[in-house]
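Student: Questions regarding the structure given below will be posed in turn.
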Amino acid sequence: MSEDMHDDLENTPLERRLRAALTPADPPPGFVAGVMARVAAEPAAPQRARRSPAVVSWVAFGLAASVVLSVLLAHQWQVRRIEQGREARRQLLEALRVTDEKLDLTYRVVNAQPRAALPPHSGA
Amino acid sequence: MKTFSRKWLAAPLAALLTAVALAAPPPGLLVLPEFDALAKKATESVNISLDPALLGLAASFLDSNEPQDAATRQLIAGLKGIYVRSYTFDADFAYPAAQVDAVRAQLTAPAWQRLVQVNSSREHTHVDIYVCAEHGVAQGLTIIASEPREFTIVNIVGAIDLARLHQLEGKFGIPKLPLPEGSAGGKDDKQPGR
């Protein structure tokens, strides 16, 4: 039963066409010579330089180093910025202290004078 | 063609004028000498130059939760610079008057008005307070204080709110300064302002 089915399948038109198409055939004479002549006539394609593993690892190392360097520089910049900010704050408070001191001096000198000598003012 | 040329001439001219305007020093800013000679002689010296960038940086380091810092932040909000030169000496009158006069020469009307002038012959102390006003708005304040052993110049640039400065009384130890409405006047120890 099963052999009959197999014979039927083998004899289908599709099977026959496939078998005909896949039959081994020798190349026509001169085929090899023609291919070799075309290969010789075409300019050699530039070969992609293959990176050696050493180069690849150096590139990776360079990338990693630049990332680490960037992080370090950013940190350094941040530290310097904080130092500058603290110094600016200190200078600001010192400047206000000096201003305050001189206003105080003015106040003391004005108050040291006899009240009669003071001009009338709005009481600011 | 004429219109085209004018248009192309106007653009760079406007850019140039803008650049000049931006490069011009703000009103209220004094050119302070370096006072190198004074610094060498002085036993103590304070040399502070806070331009707008540094003022902004300093403000960002003030803690708004601290009352004093918050008051300071409010005070400096409209300022464009604070410049202080202060020198203390161990001998009387060790500083040359010429350099002080060079600074005073910049404080001329109409931009600068002397608000207070105080002379104490007993203490040999001389204090001048000048205000720079433009269109009725204070743009700068300068204090020049000469004492026998100390010489100080304070130049504050920007819209100064004297009322706010007044509010700081007690916070920085700033006393009640009897500032008159206009120029101060008086005889002997207090001379009228310009």
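Labels used: A, B, ... for chains in the order of the structure tokens, numbers from 1 for residues in each chain, and numbers from 1 for ligands as shown.
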Residues near Glu134 of chain B, anyone? I mean within 12 Å using only C-alpha atoms, not counting same-chain ones fewer than 6 positions away, as a PDB file with C-alpha atoms, in the first residue's frame.
Tutor:
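Generated output (selection-v6.pdb):
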```pdb
ATOM      1  CA  PRO B  26      27.580  99.926  34.362  1.00  0.00           C
ATOM      2  CA  PRO B  27      26.756 103.209  36.061  1.00  0.00           C
ATOM      3  CA  GLY B  28      27.963 103.279  39.629  1.00  0.00           C
ATOM      4  CA  ALA B 109      27.940 115.288  39.557  1.00  0.00           C
ATOM      5  CA  PRO B 110      25.530 114.762  37.957  1.00  0.00           C
ATOM      6  CA  ALA B 111      25.861 110.978  38.251  1.00  0.00           C
ATOM      7  CA  TRP B 112      27.281 110.939  41.750  1.00  0.00           C
ATOM      8  CA  GLN B 113      25.787 112.878  44.632  1.00  0.00           C
ATOM      9  CA  GLY B 140      25.643 102.695  43.011  1.00  0.00           C
ATOM     10  CA  GLY B 158      23.543  98.227  41.202  1.00  0.00           C
ATOM     11  CA  ALA B 159      20.120  99.198  42.380  1.00  0.00           C
ATOM     12  CA  ILE B 160      20.625  99.559  46.077  1.00  0.00           C
TER      13      ILE B 160
END
```
Student: Under the rule that only C-alpha atoms are counted, which of B:Gln139, B:Thr152, B:Ser64, B:Thr108 is the nearest residue to chain A?
Tutor: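 Among the listed residues, B:Thr152 lies closest to chain A.
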Student: Fewer than 3 positions away in the same chain doesn't count, so skip those; otherwise give me all residues within 7 Å of segment 84-99 of chain A, counting only C-alpha atoms, as a PyMOL selection string.
Tutor: (chain A and resi 80-81+102-103) or (chain B and resi 48+54+57-58+61+84+154+172)
Student: Restricting it to N, CA and C atoms, dump the selection as a compact mmCIF listing (two decimals), in the first residue's frame.
Tutor:
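Dumped to part-v3.txt:
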```
# COMPACT_ATOMS: atom_id res chain seq x y z
N ARG A 80 36.00 72.39 42.28
CA ARG A 80 36.53 73.76 42.16
C ARG A 80 35.40 74.79 42.22
N ARG A 81 34.28 74.44 41.61
CA ARG A 81 33.12 75.33 41.62
C ARG A 81 32.64 75.54 43.06
N LYS A 102 31.87 100.59 58.31
CA LYS A 102 32.05 102.01 57.93
C LYS A 102 30.77 102.80 58.16
N LEU A 103 29.62 102.17 57.95
CA LEU A 103 28.36 102.85 58.26
C LEU A 103 28.27 103.08 59.77
N ILE B 48 38.52 92.95 47.87
CA ILE B 48 37.40 92.12 47.40
C ILE B 48 36.84 92.70 46.11
N LEU B 54 30.47 86.47 40.10
CA LEU B 54 30.85 86.00 41.44
C LEU B 54 29.74 86.26 42.45
N LEU B 57 27.35 83.57 42.01
CA LEU B 57 27.89 82.34 42.58
C LEU B 57 27.76 82.37 44.11
N ALA B 58 28.11 83.53 44.69
CA ALA B 58 28.01 83.67 46.15
C ALA B 58 26.57 83.51 46.60
N PHE B 61 25.33 80.11 47.06
CA PHE B 61 25.86 79.41 48.24
C PHE B 61 25.28 79.98 49.53
N VAL B 84 35.65 96.19 47.41
CA VAL B 84 36.11 96.72 48.69
C VAL B 84 37.64 96.74 48.70
N VAL B 154 34.53 101.44 49.63
CA VAL B 154 33.53 100.43 49.30
C VAL B 154 32.74 100.95 48.11
N PHE B 172 23.51 92.32 60.59
CA PHE B 172 24.96 92.38 60.40
C PHE B 172 25.59 93.33 61.40
```
Student: Pick out the closest residue to chain A from this set: B:Gln99, B:Gln106, B:Ser49, B:Thr88. Count only C-alpha atoms.
Tutor: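 Using only C-alpha atoms, the shortest distance to chain A belongs to B:Ser49.
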Student: Measuring atom to atom with only C-alpha atoms, identify which of B:Val157, B:Ala15, B:Val137, B:Ala37 is nearest to Leu50 of chain B.
Tutor: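 Looking at the shortest contact to Leu50 of chain B, the residue is B:Val157.
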Student: Of the candidates B:Leu29, B:Ala77, B:Leu107, B:Val46, which one gets nearest to chain A if we count only C-alpha atoms?
Tutor: B:Val46
Student: Write out as a ChimeraX atom specification the set of residues from segment 40-129 of chain B that DSSP, computed on the backbone, places in strand (DSSP E or B).
Tutor: /B:44-50,79-88,112-120,125-129
Student: Which neighbours of Ser45 of chain B fall inside 12 Å, counting only C-alpha atoms, when residues of the same chain fewer than 5 positions from it are skipped, and could you give them as JSON, numbers by chain?
Tutor: {"A": [94, 98], "B": [34, 35, 36, 37, 38, 39, 40, 84, 85, 86, 87, 88, 89, 90, 149, 150, 151, 152, 153]}
Student: Measuring between only C-alpha atoms, which one of B:Ile156, B:Leu55, B:Ala145, B:Ala11 shows the shortest distance to Arg104 of chain B?
Tutor: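 Going through B:Ile156, B:Leu55, B:Ala145, B:Ala11 one by one, the smallest distance to Arg104 of chain B is for B:Ala145.
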Student: Enumerate as a list in words all residues of segment 24-55 of chain A assigned to helix (DSSP H, G or I) by DSSP on the backbone, naming them with the chain letters and numbers the document uses.
Tutor: Phe31, Val32, Ala33, Gly34, Val35, Met36, Ala37, Arg38, Val39, Ala40, Ala41, Pro53, Ala54 and Val55 of chain A
Student: Which residue is closest to chain A? Choose from B:Ala102, B:Tyr95, B:Gly78, B:Leu62 and count only C-alpha atoms.
Tutor: B:Leu62
